Amino acid sequence: MSISVRSDFLKDKADFKGETFKRTFNEIDFVTDGDLVFSDCIFEQPLFFDNFKIKGKLYFFQCKFKSYSVIKNSDVGVISFLGCEFPDSEKSTFHFLNNKCSILSLDNLNGNEVKINGKYLLLFVENCKLKKLILKDVNSEYFQFESKIEFRKNNEIEKLSLECSNLHSDLFFDESVYNSIHLEGDFKNKIHFKGNLKTEYLFFESSTFYKRVDIEDGVFESVNFYRSIFQGLILINGYNVLTNSNSNLSFKDLSFHECTFDKNVSVNSLKISSFYLSNNNFKQLLNFNPNSAINRDEPEIRINISGINQGSVFFEGINTDISLSGINFGNINFKDIYIQHLYIKDFQNKGVVSFPNIKSGNLLIISDSIVGNIDFMGSDVTLFKEFVFSNSNLTGINFSKHPYNILSYSSNPIMGYGIIDKSKWNTNLRNVYNQLKKNALLKGDIDTSMRYQSLEYKYLLKEKKFGFDKVLLFLNLISNKNGLSWFRGVLFTLITAYLFLLWYLKTLNINFTFNDSLKDYIFFISSFPKLEIEKYSKIPITWQSSLVVWISRIFISYGIYQTIAAFRKYGKS
């Protein structure tokens with residue numbers, strides 16, 4: 001490699017055309033009131049410009065740089081690169097360091113890596129094809145005039161990174177292709193993404209954004225708002241009100257993680273596959289509303305809310321899968337939505353979660369959670385095809401229509417929701433119905449609380465080992481459905497009386513036919529509580545007959561009591 005010494009190429013000349021520079025172009029302290037122009041030149045060795053003062057333009061047109069180049073510590077009116085290229089190698093880089101410039105324009109620049117540092121009132125990047133473009137501490141001082149950094153159309157950049165301690169320029173991104181865009185630092189002015197951008201990854205990371213952020217068009221694989229503070233509005237809008245049409249704005253993954261939003265956040269797009277919220281503080285409102293008609297045939301948007309979240313979040317008019325976990329200190333509202341799966345697991349709700357007007361549902365799962373104030377008022381949850389509630393505190397849950405066919409484990413084994421151990425299913429459901437019973441009773445809904453109590457006793461019966469308590473629970477179930485059915489009480493009483501009649505007649509050694517026994521049945525039950533038939537009074541009474549009458553009195557009395565209790569279910573305190 002040649003030794004870098006001052007080249008003195010600029011001693012007598014400021015306009016170069018079609019020249020090849022075979023040794024290092026090293027110039028320091030160049031001053032001119034005019035322009036310095038290079039056209040169709042080839043730089044075979046490094047280019048170093050240091051401490052230039054050019055009132056006019058430093059212009060490179062269709063030049064080739066075969067090694068690394070640096071322009072630093074210079075004060076130039078305009079720096080312009082048009083149609084230039086440098087080889088695609090790690091050693092081939094172009095650095096603009098600590099310059100002061102009114103305009104820096106990179107147009108149709110093809111190469112490996114470009115790094116920019118300094119102060120540029122207007123910075124334009126257009127038609128560039130680069131592996132890496134880094135802006136580090138650019139425009140960290142306040143401008144008297146409006147400052148802009150524009151990434152214009154037709155760029156193809158693999159990695160675009162803005163690492164700025166204080167950026168005092170508006171940022172604009174237009175129709176281009178990026179593998180990744182990474183923003184980190186303090187951004188004092190607005191940021192605007194427009195045009196049909198195609199971007200794999202967009203990161204807002206560990207930063208403070210003081211003004212508005214707009215994303216109105218483009219195709220994004222993953223957009224991450226990560227550990228940052230946003231003091232201005234956030235508008236992610238794929239709907240044009242003026243034309244009444246949707247843009248191409250779409251996301252595979254959109255996530256907000258450990259961020260603070262001082263003002264409203266609006267997300268208006270149906271073309272989102274997954275939306276993640278975790279550990280955020282929304283001081284005003286996150287509003288997710290596509291502003292267009294929605295039906296259940298639209299692609300599902302997977303919504304995952306986890307971690308510790310604060311503030312108000314509003315979702316409206318979407319087809320979705322919902323997963324809730326972590327701790328909620330805010331107000332989360334899902335309105336007018338189609339739900340495939342509503343999955344609440346490891347969730348503690350210290351705020352409010354509401355679901356007004358659910359339009360359809362497939363699975364509703366609550367597992368290992370303290371649901372707090374979860375409100376389904378205004379929605380028919382019976383639209384859900386399956387309910388799985390397990391190991392959860394359901395105190396505070398509200399329904400307009402109540403679910404009754406609840407499971408401890410999903411009937412679809414592929415889903416795998418709930419309690420796997422079958423021996424715990426009955427205990428879990430008894431606890432579930434007990435809690436729902438108490439919730440209904442607190443709200444004065446006697447009918448619902450009685451139905452839940454009946455289901456609670458049903459699973460208590462299944463849970464109990466054989467013994468007197470199990471027998472009693474079984475009798476309560478068949479005699480009046482645990483207080484719900486007076487008709488079952490009447491039927492139990494009549495059937496019990498008929499069976500004991502047959503037993504009674506057998507102890508008297510009386511042969512009977514159906515017609516005779518039916519007549520005797522009427523005389524038998526009408527004699528309650530005596531339970532003796534007068535026409536057989538001359539037959540000596542045996543101890544067996546007396547025993548049957550005694551047992552009959554117990555069971556028929558029990559049936560009558562159960563019937564009356566069921567009649568009085570609405571009159572109980």
# chains A, B, ... in the order shown; residues from 1 in each chain; ligands from 1
>>> residues_around(residues="Asn391 (chain A)", least_positions_apart="4", cutoff="7 Å", atoms="only C-alpha atoms", output="PyMOL selection string")
chain A and resi 367-368+428
>>> write_last_selection(atoms="N, CA, C and O atoms", output="tab-separated table (two decimals), in the first residue's frame")
chain	number	residue	atom	x	y	z
A	367	SER	N	-57.17	-19.83	32.29
A	367	SER	CA	-56.34	-20.81	32.98
A	367	SER	C	-55.32	-20.10	33.87
A	367	SER	O	-54.68	-19.13	33.44
A	368	ASP	N	-55.20	-20.56	35.11
A	368	ASP	CA	-54.16	-20.08	36.04
A	368	ASP	C	-54.16	-18.56	36.15
A	368	ASP	O	-53.10	-17.92	36.11
A	428	ASN	N	-61.95	-29.14	39.95
A	428	ASN	CA	-61.82	-27.84	39.28
A	428	ASN	C	-63.19	-27.29	38.89
A	428	ASN	O	-63.49	-26.11	39.14
>>> select_by_dssp(residues="region 270-498 of chain A", states="alpha helix (DSSP H)", output="PyMOL selection string")
chain A and resi 425-442+446-463+468-480+486-498
>>> closest_residue(among="A:Asn331, A:Asn166, A:Ser526, A:Gln453", to="Asn434 (chain A)", atoms="only C-alpha atoms")
A:Gln453
>>> residues_around(residues="Ser410 (chain A)", least_positions_apart="5", cutoff="10 Å", atoms="only C-alpha atoms", output="list in words")
Leu363, Leu364, Ile365, Glu386, Phe387, Val388, Phe389, Met415, Gly416, Tyr417, Gly418, Ile419 and Ile420 of chain A
>>> residues_around(residues="Gln435 (chain A)", least_positions_apart="4", cutoff="10 Å", atoms="only C-alpha atoms", output="list in words")
Ser392, Asn393, Leu394, Thr395, Gly396, Ile397, Leu429, Arg430, Asn431, Asn439, Ala440, Leu441, Ser449, Tyr452, Gln453 and Glu456 of chain A
>>> write_last_selection(atoms="N, CA, C and O atoms", output="PDB file, in the first residue's frame")
ATOM      1  N   SER A 392     -58.395 -21.042  38.313  1.00  0.00           N
ATOM      2  CA  SER A 392     -58.468 -19.586  38.223  1.00  0.00           C
ATOM      3  C   SER A 392     -59.420 -19.012  39.260  1.00  0.00           C
ATOM      4  O   SER A 392     -60.373 -19.667  39.690  1.00  0.00           O
ATOM      5  N   ASN A 393     -59.127 -17.760  39.636  1.00  0.00           N
ATOM      6  CA  ASN A 393     -60.023 -16.982  40.484  1.00  0.00           C
ATOM      7  C   ASN A 393     -60.932 -16.173  39.566  1.00  0.00           C
ATOM      8  O   ASN A 393     -60.495 -15.252  38.900  1.00  0.00           O
ATOM      9  N   LEU A 394     -62.209 -16.533  39.555  1.00  0.00           N
ATOM     10  CA  LEU A 394     -63.159 -15.928  38.625  1.00  0.00           C
ATOM     11  C   LEU A 394     -63.984 -14.826  39.261  1.00  0.00           C
ATOM     12  O   LEU A 394     -64.916 -14.323  38.637  1.00  0.00           O
ATOM     13  N   THR A 395     -63.644 -14.429  40.479  1.00  0.00           N
ATOM     14  CA  THR A 395     -64.383 -13.366  41.153  1.00  0.00           C
ATOM     15  C   THR A 395     -64.268 -12.073  40.351  1.00  0.00           C
ATOM     16  O   THR A 395     -63.173 -11.612  40.041  1.00  0.00           O
ATOM     17  N   GLY A 396     -65.396 -11.499  39.999  1.00  0.00           N
ATOM     18  CA  GLY A 396     -65.405 -10.237  39.260  1.00  0.00           C
ATOM     19  C   GLY A 396     -65.777 -10.376  37.801  1.00  0.00           C
ATOM     20  O   GLY A 396     -66.011  -9.378  37.121  1.00  0.00           O
ATOM     21  N   ILE A 397     -65.872 -11.616  37.289  1.00  0.00           N
ATOM     22  CA  ILE A 397     -66.235 -11.793  35.888  1.00  0.00           C
ATOM     23  C   ILE A 397     -67.730 -11.547  35.715  1.00  0.00           C
ATOM     24  O   ILE A 397     -68.542 -11.916  36.562  1.00  0.00           O
ATOM     25  N   LEU A 429     -64.033 -28.125  38.277  1.00  0.00           N
ATOM     26  CA  LEU A 429     -65.339 -27.640  37.826  1.00  0.00           C
ATOM     27  C   LEU A 429     -66.242 -27.296  39.009  1.00  0.00           C
ATOM     28  O   LEU A 429     -67.030 -26.345  38.934  1.00  0.00           O
ATOM     29  N   ARG A 430     -66.145 -28.065  40.091  1.00  0.00           N
ATOM     30  CA  ARG A 430     -66.908 -27.688  41.289  1.00  0.00           C
ATOM     31  C   ARG A 430     -66.518 -26.299  41.767  1.00  0.00           C
ATOM     32  O   ARG A 430     -67.376 -25.467  42.096  1.00  0.00           O
ATOM     33  N   ASN A 431     -65.210 -26.024  41.771  1.00  0.00           N
ATOM     34  CA  ASN A 431     -64.723 -24.709  42.189  1.00  0.00           C
ATOM     35  C   ASN A 431     -65.157 -23.617  41.216  1.00  0.00           C
ATOM     36  O   ASN A 431     -65.537 -22.513  41.620  1.00  0.00           O
ATOM     37  N   ASN A 439     -70.764 -15.095  42.155  1.00  0.00           N
ATOM     38  CA  ASN A 439     -70.813 -13.882  41.339  1.00  0.00           C
ATOM     39  C   ASN A 439     -72.241 -13.515  40.977  1.00  0.00           C
ATOM     40  O   ASN A 439     -72.652 -12.349  41.071  1.00  0.00           O
ATOM     41  N   ALA A 440     -72.999 -14.531  40.541  1.00  0.00           N
ATOM     42  CA  ALA A 440     -74.391 -14.275  40.152  1.00  0.00           C
ATOM     43  C   ALA A 440     -75.227 -13.841  41.347  1.00  0.00           C
ATOM     44  O   ALA A 440     -76.082 -12.945  41.240  1.00  0.00           O
ATOM     45  N   LEU A 441     -74.979 -14.462  42.500  1.00  0.00           N
ATOM     46  CA  LEU A 441     -75.747 -14.131  43.701  1.00  0.00           C
ATOM     47  C   LEU A 441     -75.479 -12.698  44.158  1.00  0.00           C
ATOM     48  O   LEU A 441     -76.393 -11.977  44.587  1.00  0.00           O
ATOM     49  N   SER A 449     -77.653 -18.189  39.722  1.00  0.00           N
ATOM     50  CA  SER A 449     -76.905 -18.737  40.854  1.00  0.00           C
ATOM     51  C   SER A 449     -77.404 -20.133  41.207  1.00  0.00           C
ATOM     52  O   SER A 449     -76.618 -21.024  41.561  1.00  0.00           O
ATOM     53  N   TYR A 452     -76.003 -22.574  38.655  1.00  0.00           N
ATOM     54  CA  TYR A 452     -74.600 -22.861  38.938  1.00  0.00           C
ATOM     55  C   TYR A 452     -74.459 -23.733  40.184  1.00  0.00           C
ATOM     56  O   TYR A 452     -73.569 -24.595  40.257  1.00  0.00           O
ATOM     57  N   GLN A 453     -75.335 -23.518  41.164  1.00  0.00           N
ATOM     58  CA  GLN A 453     -75.271 -24.351  42.362  1.00  0.00           C
ATOM     59  C   GLN A 453     -75.593 -25.803  42.024  1.00  0.00           C
ATOM     60  O   GLN A 453     -74.954 -26.736  42.543  1.00  0.00           O
ATOM     61  N   GLU A 456     -72.593 -27.169  40.517  1.00  0.00           N
ATOM     62  CA  GLU A 456     -71.577 -27.348  41.552  1.00  0.00           C
ATOM     63  C   GLU A 456     -71.797 -28.650  42.303  1.00  0.00           C
ATOM     64  O   GLU A 456     -70.860 -29.445  42.499  1.00  0.00           O
TER      65      GLU A 456
END
>>> select_by_dssp(residues="region 65-133 of chain A", states="strand (DSSP E)", output="MDAnalysis selection string")
chainID A and resid 65 69:72 75:82 93:107 110:126 129:133
>>> atom_distance(atom1="CA of Asn240 (chain A)", atom2="CA of Gly317 (chain A)")
17.3 Å
>>> closest_atom_pairs(of="region 70-188 of chain A", to="region 224-235 of chain A", cutoff="12 Å", atoms="only C-alpha atoms", output="Markdown table")
| residue | atom | partner | partner_atom | distance |
| --- | --- | --- | --- | --- |
| A:Ser180 | CA | A:Asn224 | CA | 11.2 |
| A:Ile181 | CA | A:Asn224 | CA | 10.4 |
| A:His182 | CA | A:Asn224 | CA | 9.7 |
| A:Leu183 | CA | A:Phe225 | CA | 9.9 |
| A:Glu184 | CA | A:Ser228 | CA | 9.0 |
| A:Gly185 | CA | A:Ser228 | CA | 9.3 |
| A:Asp186 | CA | A:Ile229 | CA | 9.5 |
| A:Phe187 | CA | A:Phe230 | CA | 9.7 |
| A:Lys188 | CA | A:Gln231 | CA | 9.8 |
>>> residues_around(residues="Ile79 (chain A)", least_positions_apart="3", cutoff="9 Å", atoms="only C-alpha atoms", output="count of residues only")
12
>>> closest_residue(among="A:Asp8, A:Glu175, A:Glu156, A:Asp262", to="Asn248 (chain A)", atoms="only C-alpha atoms")
A:Glu175
>>> residues_around(residues="region 334-347 of chain A", least_positions_apart="5", cutoff="7 Å", atoms="only C-alpha atoms", output="PyMOL selection string")
chain A and resi 296+314-327+354-371
